[in-house]
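Text of run21.pdb, listed as PDB, C-alpha atoms, pLDDT in the B column:
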ATOM      1  CA  MET J  18       0.000   0.000   0.000  1.00 83.00           C
ATOM      2  CA  PHE J  19       2.790   2.404   0.971  1.00 84.00           C
ATOM      3  CA  SER J  20       4.898   1.451  -2.076  1.00 86.00           C
ATOM      4  CA  SER J  21       1.966   1.951  -4.433  1.00 90.00           C
ATOM      5  CA  ILE J  22       1.576   5.565  -3.236  1.00 91.00           C
ATOM      6  CA  ILE J  23       5.294   6.205  -3.789  1.00 91.00           C
ATOM      7  CA  PHE J  24       5.124   4.671  -7.268  1.00 91.00           C
ATOM      8  CA  ILE J  25       2.097   6.736  -8.329  1.00 93.00           C
ATOM      9  CA  HIS J  26       3.678   9.906  -6.915  1.00 93.00           C
ATOM     10  CA  GLU J  27       6.882   9.427  -8.919  1.00 92.00           C
ATOM     11  CA  LEU J  28       4.832   8.436 -11.963  1.00 93.00           C
ATOM     12  CA  GLY J  29       3.240  11.887 -11.838  1.00 94.00           C
ATOM     13  CA  HIS J  30       6.665  13.555 -12.013  1.00 94.00           C
ATOM     14  CA  PHE J  31       7.697  11.189 -14.806  1.00 93.00           C
ATOM     15  CA  LEU J  32       4.659  11.776 -17.023  1.00 95.00           C
ATOM     16  CA  MET J  33       4.770  15.559 -16.702  1.00 95.00           C
ATOM     17  CA  ALA J  34       8.527  15.580 -17.392  1.00 94.00           C
ATOM     18  CA  LYS J  35       7.915  13.471 -20.496  1.00 94.00           C
ATOM     19  CA  TYR J  36       5.245  15.921 -21.613  1.00 95.00           C
ATOM     20  CA  PHE J  37       7.755  18.795 -21.436  1.00 95.00           C
ATOM     21  CA  LYS J  38      10.457  16.555 -23.006  1.00 94.00           C
ATOM     22  CA  TRP J  39      12.822  16.707 -20.042  1.00 94.00           C
ATOM     23  CA  ASN J  40      15.680  14.209 -19.869  1.00 92.00           C
ATOM     24  CA  ILE J  41      15.030  11.739 -17.043  1.00 89.00           C
ATOM     25  CA  ASP J  42      18.143  10.083 -15.670  1.00 88.00           C
ATOM     26  CA  LYS J  43      16.739   7.624 -13.118  1.00 86.00           C
ATOM     27  CA  ILE J  44      13.758   6.980 -10.877  1.00 86.00           C
ATOM     28  CA  TYR J  45      14.697   5.695  -7.433  1.00 84.00           C
ATOM     29  CA  LEU J  46      12.072   3.773  -5.441  1.00 81.00           C
ATOM     30  CA  TYR J  47      12.980   3.090  -1.811  1.00 73.00           C
ATOM     31  CA  PRO J  48      10.971   1.342   0.942  1.00 67.00           C
ATOM     32  CA  TYR J  49      10.550   4.771   2.574  1.00 68.00           C
ATOM     33  CA  GLY J  50      10.202   7.071  -0.458  1.00 74.00           C
ATOM     34  CA  GLY J  51      11.122   7.833  -4.041  1.00 79.00           C
ATOM     35  CA  TYR J  52      13.204  10.255  -6.076  1.00 81.00           C
ATOM     36  CA  THR J  53      13.161  11.201  -9.764  1.00 84.00           C
ATOM     37  CA  LYS J  54      16.535  12.419 -11.013  1.00 85.00           C
ATOM     38  CA  PHE J  55      16.665  14.658 -14.068  1.00 88.00           C
ATOM     39  CA  ASN J  56      19.588  15.200 -16.400  1.00 87.00           C
ATOM     40  CA  ASP J  57      18.522  18.445 -18.007  1.00 88.00           C
ATOM     41  CA  ASP J  58      19.397  22.119 -18.314  1.00 92.00           C
ATOM     42  CA  LEU J  59      19.106  24.338 -15.265  1.00 93.00           C
ATOM     43  CA  ASN J  60      17.795  27.004 -17.638  1.00 94.00           C
ATOM     44  CA  ARG J  61      14.589  25.186 -18.453  1.00 93.00           C
ATOM     45  CA  PRO J  62      11.508  27.434 -18.032  1.00 94.00           C
ATOM     46  CA  ILE J  63      10.564  27.846 -14.391  1.00 95.00           C
ATOM     47  CA  TYR J  64       6.885  27.121 -15.035  1.00 95.00           C
ATOM     48  CA  GLN J  65       7.808  23.671 -16.410  1.00 95.00           C
ATOM     49  CA  GLU J  66       9.708  22.796 -13.243  1.00 95.00           C
ATOM     50  CA  ILE J  67       6.752  23.937 -11.116  1.00 96.00           C
ATOM     51  CA  PHE J  68       4.314  21.780 -13.108  1.00 96.00           C
ATOM     52  CA  ILE J  69       6.628  18.757 -12.864  1.00 95.00           C
ATOM     53  CA  MET J  70       7.013  19.141  -9.098  1.00 95.00           C
ATOM     54  CA  LEU J  71       3.253  19.592  -8.595  1.00 95.00           C
ATOM     55  CA  ALA J  72       2.396  16.604 -10.793  1.00 95.00           C
ATOM     56  CA  GLY J  73       3.641  14.136  -8.162  1.00 94.00           C
ATOM     57  CA  PRO J  74       1.393  15.322  -5.289  1.00 95.00           C
ATOM     58  CA  ILE J  75      -1.569  15.854  -7.650  1.00 96.00           C
ATOM     59  CA  MET J  76      -1.250  12.330  -9.084  1.00 95.00           C
ATOM     60  CA  GLN J  77      -1.009  10.967  -5.549  1.00 95.00           C
ATOM     61  CA  ILE J  78      -4.179  12.802  -4.463  1.00 95.00           C
ATOM     62  CA  MET J  79      -6.075  11.501  -7.503  1.00 95.00           C
ATOM     63  CA  TYR J  80      -4.916   7.958  -6.735  1.00 94.00           C
ATOM     64  CA  TYR J  81      -5.997   8.332  -3.105  1.00 92.00           C
ATOM     65  CA  LEU J  82      -9.480   9.587  -4.026  1.00 93.00           C
ATOM     66  CA  ILE J  83      -9.998   6.621  -6.364  1.00 92.00           C
ATOM     67  CA  ILE J  84      -8.549   3.778  -4.267  1.00 90.00           C
ATOM     68  CA  ILE J  85     -10.173   4.804  -0.977  1.00 88.00           C
ATOM     69  CA  ASN J  86     -13.579   3.913  -2.455  1.00 87.00           C
ATOM     70  CA  PHE J  87     -12.528   0.258  -2.789  1.00 84.00           C
ATOM     71  CA  LEU J  88     -11.082  -0.263   0.706  1.00 80.00           C
ATOM     72  CA  ARG J  89     -12.685  -1.513   3.896  1.00 79.00           C
ATOM     73  CA  ASP J  90     -12.762   0.470   7.143  1.00 77.00           C
ATOM     74  CA  SER J  91      -9.547  -0.927   8.661  1.00 76.00           C
ATOM     75  CA  SER J  92      -7.611  -0.488   5.410  1.00 84.00           C
ATOM     76  CA  ILE J  93      -8.982   3.016   4.881  1.00 85.00           C
ATOM     77  CA  ILE J  94      -7.423   4.235   8.142  1.00 85.00           C
ATOM     78  CA  LEU J  95      -4.011   2.816   7.216  1.00 86.00           C
ATOM     79  CA  PHE J  96      -4.159   4.031   3.619  1.00 88.00           C
ATOM     80  CA  LYS J  97      -5.226   7.511   4.721  1.00 90.00           C
ATOM     81  CA  SER J  98      -2.360   7.653   7.227  1.00 88.00           C
ATOM     82  CA  TYR J  99       0.212   6.691   4.579  1.00 88.00           C
ATOM     83  CA  HIS J 100      -1.225   9.128   2.044  1.00 91.00           C
ATOM     84  CA  TYR J 101      -1.229  12.207   4.262  1.00 92.00           C
ATOM     85  CA  THR J 102       2.158  11.408   5.807  1.00 89.00           C
ATOM     86  CA  ILE J 103       3.838  11.124   2.398  1.00 90.00           C
ATOM     87  CA  LEU J 104       1.955  14.106   0.970  1.00 92.00           C
ATOM     88  CA  PHE J 105       2.628  16.632   3.735  1.00 93.00           C
ATOM     89  CA  PHE J 106       6.178  15.493   4.476  1.00 90.00           C
ATOM     90  CA  ASN J 107       7.114  15.729   0.793  1.00 91.00           C
ATOM     91  CA  LEU J 108       5.665  19.250   0.543  1.00 93.00           C
ATOM     92  CA  LEU J 109       7.845  20.575   3.371  1.00 93.00           C
ATOM     93  CA  PRO J 110      10.070  23.408   2.050  1.00 94.00           C
ATOM     94  CA  ILE J 111      13.207  21.307   2.440  1.00 94.00           C
ATOM     95  CA  TYR J 112      15.448  20.714  -0.559  1.00 92.00           C
ATOM     96  CA  PRO J 113      15.437  18.284  -2.381  1.00 87.00           C
ATOM     97  CA  LEU J 114      11.864  17.365  -1.379  1.00 91.00           C
ATOM     98  CA  ASP J 115       9.166  18.549  -3.787  1.00 93.00           C
ATOM     99  CA  GLY J 116       8.317  21.426  -1.443  1.00 94.00           C
ATOM    100  CA  GLY J 117      11.938  22.584  -1.426  1.00 94.00           C
ATOM    101  CA  LYS J 118      12.180  22.415  -5.212  1.00 94.00           C
ATOM    102  CA  LEU J 119       8.918  24.315  -5.571  1.00 95.00           C
ATOM    103  CA  LEU J 120      10.199  26.973  -3.187  1.00 95.00           C
ATOM    104  CA  ASN J 121      13.436  27.245  -5.158  1.00 95.00           C
ATOM    105  CA  ALA J 122      11.556  27.600  -8.463  1.00 95.00           C
ATOM    106  CA  LEU J 123       9.271  30.304  -7.057  1.00 95.00           C
ATOM    107  CA  ILE J 124      12.179  32.238  -5.533  1.00 95.00           C
ATOM    108  CA  ASN J 125      13.931  32.078  -8.928  1.00 95.00           C
ATOM    109  CA  TYR J 126      11.293  34.497 -10.245  1.00 93.00           C
ATOM    110  CA  TYR J 127      12.411  37.218  -7.837  1.00 94.00           C
ATOM    111  CA  VAL J 128      16.003  36.418  -6.835  1.00 95.00           C
ATOM    112  CA  PRO J 129      19.128  35.762  -8.955  1.00 96.00           C
ATOM    113  CA  PHE J 130      19.964  32.093  -9.513  1.00 95.00           C
ATOM    114  CA  LYS J 131      23.036  32.050  -7.285  1.00 94.00           C
ATOM    115  CA  LYS J 132      21.339  33.734  -4.316  1.00 95.00           C
ATOM    116  CA  SER J 133      18.104  31.774  -4.660  1.00 95.00           C
ATOM    117  CA  PHE J 134      19.762  28.363  -4.368  1.00 94.00           C
ATOM    118  CA  HIS J 135      21.847  29.532  -1.395  1.00 94.00           C
ATOM    119  CA  LEU J 136      18.708  30.898   0.261  1.00 96.00           C
ATOM    120  CA  VAL J 137      16.791  27.640  -0.201  1.00 95.00           C
ATOM    121  CA  ILE J 138      19.664  25.652   1.333  1.00 95.00           C
ATOM    122  CA  ILE J 139      19.629  27.935   4.404  1.00 96.00           C
ATOM    123  CA  ILE J 140      15.824  27.675   4.725  1.00 96.00           C
ATOM    124  CA  SER J 141      15.990  23.879   4.412  1.00 96.00           C
ATOM    125  CA  PHE J 142      18.594  23.449   7.154  1.00 95.00           C
ATOM    126  CA  SER J 143      16.685  25.904   9.368  1.00 96.00           C
ATOM    127  CA  ILE J 144      13.435  23.961   9.057  1.00 95.00           C
ATOM    128  CA  ILE J 145      15.184  20.668   9.806  1.00 93.00           C
ATOM    129  CA  LEU J 146      16.792  22.229  12.891  1.00 94.00           C
ATOM    130  CA  LEU J 147      13.427  23.601  14.055  1.00 94.00           C
ATOM    131  CA  GLY J 148      11.818  20.199  13.540  1.00 91.00           C
ATOM    132  CA  ILE J 149      14.500  18.364  15.497  1.00 89.00           C
ATOM    133  CA  SER J 150      14.268  20.968  18.278  1.00 92.00           C
ATOM    134  CA  TYR J 151      10.484  20.546  18.428  1.00 90.00           C
ATOM    135  CA  PHE J 152      10.738  16.753  18.755  1.00 88.00           C
ATOM    136  CA  TYR J 153      13.454  17.063  21.401  1.00 87.00           C
ATOM    137  CA  ILE J 154      11.680  19.705  23.518  1.00 91.00           C
ATOM    138  CA  ASN J 155       8.392  17.799  23.448  1.00 88.00           C
ATOM    139  CA  LYS J 156      10.180  14.468  23.997  1.00 85.00           C
ATOM    140  CA  ILE J 157       8.502  12.851  20.996  1.00 83.00           C
ATOM    141  CA  ASN J 158       9.812   9.385  20.229  1.00 83.00           C
ATOM    142  CA  LEU J 159      10.391   8.822  16.531  1.00 78.00           C
ATOM    143  CA  SER J 160      10.137   5.477  14.784  1.00 78.00           C
ATOM    144  CA  LEU J 161      13.244   3.942  13.259  1.00 79.00           C
ATOM    145  CA  SER J 162      11.826   4.291   9.749  1.00 76.00           C
ATOM    146  CA  PHE J 163      11.100   8.004  10.265  1.00 80.00           C
ATOM    147  CA  LEU J 164      14.595   8.572  11.644  1.00 85.00           C
ATOM    148  CA  LEU J 165      15.983   6.856   8.557  1.00 84.00           C
ATOM    149  CA  VAL J 166      14.013   9.215   6.317  1.00 83.00           C
ATOM    150  CA  ILE J 167      15.241  12.290   8.221  1.00 87.00           C
ATOM    151  CA  ILE J 168      18.865  11.132   8.042  1.00 89.00           C
ATOM    152  CA  THR J 169      18.505  10.453   4.309  1.00 86.00           C
ATOM    153  CA  VAL J 170      17.056  13.926   3.694  1.00 89.00           C
ATOM    154  CA  ILE J 171      19.834  15.583   5.721  1.00 92.00           C
ATOM    155  CA  CYS J 172      22.511  13.647   3.803  1.00 93.00           C
ATOM    156  CA  LYS J 173      20.943  14.539   0.461  1.00 90.00           C
ATOM    157  CA  LEU J 174      20.575  18.207   1.434  1.00 94.00           C
ATOM    158  CA  THR J 175      24.214  18.325   2.555  1.00 95.00           C
ATOM    159  CA  SER J 176      25.285  16.755  -0.728  1.00 94.00           C
ATOM    160  CA  GLU J 177      23.290  19.341  -2.706  1.00 93.00           C
ATOM    161  CA  ALA J 178      24.720  22.186  -0.609  1.00 94.00           C
ATOM    162  CA  CYS J 179      28.247  21.027  -1.506  1.00 95.00           C
ATOM    163  CA  LYS J 180      27.312  21.264  -5.202  1.00 94.00           C
ATOM    164  CA  GLU J 181      26.281  24.913  -4.957  1.00 94.00           C
ATOM    165  CA  LYS J 182      29.296  26.180  -6.904  1.00 94.00           C
ATOM    166  CA  TYR J 183      28.916  23.388  -9.476  1.00 94.00           C
ATOM    167  CA  TYR J 184      25.271  24.292 -10.157  1.00 94.00           C
ATOM    168  CA  TYR J 185      26.154  27.975 -10.509  1.00 95.00           C
ATOM    169  CA  ASN J 186      28.913  27.267 -13.042  1.00 94.00           C
ATOM    170  CA  LYS J 187      26.630  24.834 -14.903  1.00 95.00           C
ATOM    171  CA  PHE J 188      23.955  27.534 -15.060  1.00 95.00           C
ATOM    172  CA  LEU J 189      26.438  30.022 -16.567  1.00 95.00           C
ATOM    173  CA  LEU J 190      27.997  27.500 -18.957  1.00 94.00           C
ATOM    174  CA  GLU J 191      24.586  26.546 -20.327  1.00 94.00           C
ATOM    175  CA  ARG J 192      23.864  30.197 -21.026  1.00 93.00           C
ATOM    176  CA  TYR J 193      27.203  30.506 -22.817  1.00 93.00           C
ATOM    177  CA  LEU J 194      26.889  27.361 -24.958  1.00 92.00           C
ATOM    178  CA  ASN J 195      23.176  27.308 -25.733  1.00 91.00           C
ATOM    179  CA  LYS J 196      20.682  29.683 -27.287  1.00 89.00           C
ATOM    180  CA  TYR J 197      17.652  30.479 -25.156  1.00 89.00           C
ATOM    181  CA  SER J 198      14.726  32.703 -26.045  1.00 88.00           C
ATOM    182  CA  PHE J 199      13.713  34.802 -23.049  1.00 90.00           C
ATOM    183  CA  LYS J 200      11.265  37.682 -23.325  1.00 90.00           C
ATOM    184  CA  LYS J 201      12.168  39.465 -20.113  1.00 92.00           C
ATOM    185  CA  VAL J 202      15.305  41.649 -20.097  1.00 93.00           C
ATOM    186  CA  ARG J 203      17.231  42.736 -17.014  1.00 93.00           C
ATOM    187  CA  ILE J 204      20.056  45.270 -16.791  1.00 94.00           C
ATOM    188  CA  ILE J 205      22.686  44.018 -14.344  1.00 94.00           C
ATOM    189  CA  ASN J 206      26.318  44.635 -13.398  1.00 92.00           C
ATOM    190  CA  ASN J 207      27.821  41.178 -12.809  1.00 93.00           C
ATOM    191  CA  LEU J 208      27.236  37.465 -13.371  1.00 94.00           C
ATOM    192  CA  ASP J 209      26.037  36.855  -9.815  1.00 94.00           C
ATOM    193  CA  GLN J 210      22.937  38.922 -10.636  1.00 95.00           C
ATOM    194  CA  MET J 211      21.785  36.661 -13.488  1.00 95.00           C
ATOM    195  CA  TYR J 212      18.245  35.282 -13.306  1.00 95.00           C
ATOM    196  CA  ARG J 213      16.521  32.272 -14.793  1.00 94.00           C
ATOM    197  CA  ASP J 214      14.003  32.979 -17.570  1.00 93.00           C
ATOM    198  CA  CYS J 215      15.677  36.329 -18.365  1.00 93.00           C
ATOM    199  CA  LYS J 216      18.207  37.643 -20.830  1.00 92.00           C
ATOM    200  CA  HIS J 217      20.608  40.246 -19.549  1.00 94.00           C
ATOM    201  CA  VAL J 218      22.370  43.415 -20.558  1.00 94.00           C
ATOM    202  CA  PHE J 219      25.484  44.182 -18.540  1.00 94.00           C
ATOM    203  CA  PHE J 220      26.223  47.816 -17.748  1.00 92.00           C
ATOM    204  CA  LYS J 221      29.913  48.267 -16.908  1.00 86.00           C
ATOM    205  CA  ARG J 222      32.082  51.350 -16.889  1.00 83.00           C
ATOM    206  CA  GLY J 223      29.465  53.356 -18.764  1.00 86.00           C
ATOM    207  CA  LYS J 224      29.038  50.750 -21.538  1.00 91.00           C
ATOM    208  CA  ASN J 225      26.511  48.047 -22.325  1.00 92.00           C
ATOM    209  CA  TYR J 226      27.647  44.468 -22.980  1.00 92.00           C
ATOM    210  CA  SER J 227      25.626  41.494 -24.123  1.00 91.00           C
ATOM    211  CA  GLU J 228      25.303  38.384 -22.011  1.00 91.00           C
ATOM    212  CA  LYS J 229      27.321  36.360 -24.518  1.00 91.00           C
ATOM    213  CA  GLU J 230      30.180  38.861 -24.456  1.00 91.00           C
ATOM    214  CA  VAL J 231      30.505  38.747 -20.675  1.00 93.00           C
ATOM    215  CA  LEU J 232      30.202  34.957 -20.530  1.00 93.00           C
ATOM    216  CA  MET J 233      32.748  34.570 -23.318  1.00 92.00           C
ATOM    217  CA  GLN J 234      35.200  36.706 -21.386  1.00 90.00           C
ATOM    218  CA  LYS J 235      34.650  34.608 -18.252  1.00 89.00           C
ATOM    219  CA  PHE J 236      35.154  31.210 -19.857  1.00 88.00           C
ATOM    220  CA  THR J 237      37.944  32.363 -22.169  1.00 85.00           C
ATOM    221  CA  ASN J 238      39.870  33.768 -19.230  1.00 72.00           C
ATOM    222  CA  ASN J 239      39.295  30.573 -17.239  1.00 58.00           C
ATOM    223  CA  ASN J 240      40.879  28.595 -20.047  1.00 52.00           C
TER     224      ASN J 240
END

Conversion result in structure tokens:
Amino acid sequence: MFSSIIFIHELGHFLMAKYFKWNIDKIYLYPYGGYTKFNDDLNRPIYQEIFIMLAGPIMQIMYYLIIINFLRDSSIILFKSYHYTILFFNLLPIYPLDGGKLLNALINYYVPFKKSFHLVIIISFSIILLGISYFYINKINLSLSFLLVIITVICKLTSEACKEKYYYNKFLLERYLNKYSFKKVRIINNLDQMYRDCKHVFFKRGKNYSEKEVLMQKFTNNN
């Protein structure tokens, strides 16, 4: 019952990603959860990422509303418990849970790419710390399976935090190598101010430079 919810949830991410023609690397299904790994550009449209992240919870809710009609009273209680636990835990604003990825995508609309990812990492660790503090202060005993999930999330978040510089350089390199069509234009001063879903004009020393010119200078100098 628990595994079926996980499978349907990840299937939602998979189908929506296929619809937008994202490259899917792997789908991991664990006894305590699942994870869909993408191998795609960081500069994909933000709205696509939001739809893909929402597709998992929405598919899960649809599955719940259908299956619950075919279960008996004792099974309904268990199924309902599994459903809401997975749904609400996964929507916590902790990266790389769906809630954390949604938060990151939404922040990307208003904050430069580099700052947004750093901000989400800080928020994620803060929420985990608050949660652990709450359990400790109220002396709530956690099951072994739940502890395993928390440890896994912390390890994954730590791993993602260590890749912060890698993601930033990947974001810039994609913009240098590929052609993207963005309608919104922003005037900025340096690369750290670059946004997703925007093209940029750099204003330096009284002159305007295109995004390609600045990125070319960066990667040429690095070589």

How big is the axis-aligned box around all listed atoms of region 93-102 of chain J once 4 Å goes on each side, and where's its centre, in Å to one decimal, as JSON?
{"center_x": -3.4, "center_y": 7.5, "center_z": 5.1, "size_x": 19.1, "size_y": 17.4, "size_z": 14.1}

Item to complete: Just the residues within 12 Å of region 191-198 of chain J, please, counting all atoms listed in the file, with nothing from its chain fewer than 2 positions along; format it as number ranges by chain.
Response: J: 57-62, 184-189, 200-202, 208, 211-217, 227-237

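Picture a line from CA of Leu32 (chain J) to CA of Asn56 (chain J); it runs 15.3 Å.
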
Please produce, as JSON lines, a per-residue contact table for region 24-46 of chain J versus region 69-78 of chain J (criterion: any atom at most 10 Å away, all atoms listed in the file considered), showing the nearest atom pair and its distance in Å to one decimal, sorted by chain then residue number.
{"residue": "J:Phe24", "atom": "CA", "partner": "J:Gln77", "partner_atom": "CA", "distance": 9.0}
{"residue": "J:Ile25", "atom": "CA", "partner": "J:Gln77", "partner_atom": "CA", "distance": 5.9}
{"residue": "J:His26", "atom": "CA", "partner": "J:Gly73", "partner_atom": "CA", "distance": 4.4}
{"residue": "J:Glu27", "atom": "CA", "partner": "J:Gly73", "partner_atom": "CA", "distance": 5.8}
{"residue": "J:Leu28", "atom": "CA", "partner": "J:Gly73", "partner_atom": "CA", "distance": 7.0}
{"residue": "J:Gly29", "atom": "CA", "partner": "J:Gly73", "partner_atom": "CA", "distance": 4.3}
{"residue": "J:His30", "atom": "CA", "partner": "J:Gly73", "partner_atom": "CA", "distance": 4.9}
{"residue": "J:Phe31", "atom": "CA", "partner": "J:Ile69", "partner_atom": "CA", "distance": 7.9}
{"residue": "J:Leu32", "atom": "CA", "partner": "J:Ala72", "partner_atom": "CA", "distance": 8.2}
{"residue": "J:Met33", "atom": "CA", "partner": "J:Ile69", "partner_atom": "CA", "distance": 5.3}
{"residue": "J:Ala34", "atom": "CA", "partner": "J:Ile69", "partner_atom": "CA", "distance": 5.8}
{"residue": "J:Lys35", "atom": "CA", "partner": "J:Ile69", "partner_atom": "CA", "distance": 9.4}
{"residue": "J:Tyr36", "atom": "CA", "partner": "J:Ile69", "partner_atom": "CA", "distance": 9.3}
{"residue": "J:Phe37", "atom": "CA", "partner": "J:Ile69", "partner_atom": "CA", "distance": 8.6}
{"residue": "J:Trp39", "atom": "CA", "partner": "J:Ile69", "partner_atom": "CA", "distance": 9.7}

Item to complete: Please evaluate the PyMOL selection byres ((chain J and resi 116) around 12) against the structure above and give the resulting residues as number ranges by chain.
Response: J: 66-67, 69-71, 73-74, 103-115, 117-123, 137, 140-141, 144

Fill in: Surrounding residues of Tyr45 (chain J) excluding itself and chain neighbours under 4 positions, 10 Å, all atoms listed in the file, as a ChimeraX atom specification
/J:24,27,50-54

Output file for the residues above (C-alpha atoms, as a short mmCIF file (atom, residue, chain, number, x, y, z; two decimals), in the frame of the given file):
data_model
loop_
_atom_site.label_atom_id
_atom_site.label_comp_id
_atom_site.auth_asym_id
_atom_site.auth_seq_id
_atom_site.Cartn_x
_atom_site.Cartn_y
_atom_site.Cartn_z
CA PHE J 24 5.12 4.67 -7.27
CA GLU J 27 6.88 9.43 -8.92
CA GLY J 50 10.20 7.07 -0.46
CA GLY J 51 11.12 7.83 -4.04
CA TYR J 52 13.20 10.26 -6.08
CA THR J 53 13.16 11.20 -9.76
CA LYS J 54 16.54 12.42 -11.01
#

Discussion item. To test your reading of the syntax: which residues would the PyMOL selection byres ((chain J and resi 181) around 12) return for the file shown? Reply as a list in words.
Written reply: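 Taken on the displayed file, the PyMOL selection byres ((chain J and resi 181) around 12) yields the residues Phe130, Lys131, Lys132, Ser133, Phe134, His135, Leu136, Val137, Ile138, Ile139, Leu174, Thr175, Ser176, Glu177, Ala178, Cys179, Lys180, Lys182, Tyr183, Tyr184, Tyr185, Asn186, Lys187 and Phe188 of chain J.
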
Write a file of the just-selected residues containing C-alpha atoms, as a PDB file, in the coordinates of the input.
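out-v1.pdb, written as the output of this step:
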ATOM      1  CA  PHE J 130      19.964  32.093  -9.513  1.00 95.00           C
ATOM      2  CA  LYS J 131      23.036  32.050  -7.285  1.00 94.00           C
ATOM      3  CA  LYS J 132      21.339  33.734  -4.316  1.00 95.00           C
ATOM      4  CA  SER J 133      18.104  31.774  -4.660  1.00 95.00           C
ATOM      5  CA  PHE J 134      19.762  28.363  -4.368  1.00 94.00           C
ATOM      6  CA  HIS J 135      21.847  29.532  -1.395  1.00 94.00           C
ATOM      7  CA  LEU J 136      18.708  30.898   0.261  1.00 96.00           C
ATOM      8  CA  VAL J 137      16.791  27.640  -0.201  1.00 95.00           C
ATOM      9  CA  ILE J 138      19.664  25.652   1.333  1.00 95.00           C
ATOM     10  CA  ILE J 139      19.629  27.935   4.404  1.00 96.00           C
ATOM     11  CA  LEU J 174      20.575  18.207   1.434  1.00 94.00           C
ATOM     12  CA  THR J 175      24.214  18.325   2.555  1.00 95.00           C
ATOM     13  CA  SER J 176      25.285  16.755  -0.728  1.00 94.00           C
ATOM     14  CA  GLU J 177      23.290  19.341  -2.706  1.00 93.00           C
ATOM     15  CA  ALA J 178      24.720  22.186  -0.609  1.00 94.00           C
ATOM     16  CA  CYS J 179      28.247  21.027  -1.506  1.00 95.00           C
ATOM     17  CA  LYS J 180      27.312  21.264  -5.202  1.00 94.00           C
ATOM     18  CA  LYS J 182      29.296  26.180  -6.904  1.00 94.00           C
ATOM     19  CA  TYR J 183      28.916  23.388  -9.476  1.00 94.00           C
ATOM     20  CA  TYR J 184      25.271  24.292 -10.157  1.00 94.00           C
ATOM     21  CA  TYR J 185      26.154  27.975 -10.509  1.00 95.00           C
ATOM     22  CA  ASN J 186      28.913  27.267 -13.042  1.00 94.00           C
ATOM     23  CA  LYS J 187      26.630  24.834 -14.903  1.00 95.00           C
ATOM     24  CA  PHE J 188      23.955  27.534 -15.060  1.00 95.00           C
TER      25      PHE J 188
END

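Comparing the minimum interatomic distances between Tyr47 (chain J) and each of J:Asn207, J:Gln65, J:Ser21, J:Ser92, counting only C-alpha atoms, we find that J:Ser21 sits nearest.
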
Worksheet, complete the sentence: re CA of Arg203 (chain J) and CA of Val218 (chain J): distance 6.3 Å

Practice prompt. Name the residues in contact with Lys97 (chain J) at a cut-off of 10 Å, using all atoms listed in the file, excluding same-chain residues fewer than 6 positions from it; report them as a ChimeraX atom specification.
Written response: /J:81-82,85

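Take the candidates J:Ile204, J:Leu95, J:Met18, J:Ile167 and check each one against Leu146 (chain J) using only C-alpha atoms; the shortest distance goes to J:Ile167.
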
Practice prompt. Run the PyMOL selection byres ((chain J and resi 19) around 8) against the file shown and list the residues it catches, as an MDAnalysis selection string.
Written response: chainID J and resid 18 20:23 96 99:100

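For the atom pair formed by CA of Tyr226 (chain J) and CA of Leu190 (chain J), the distance is 17.4 Å, given to one decimal.
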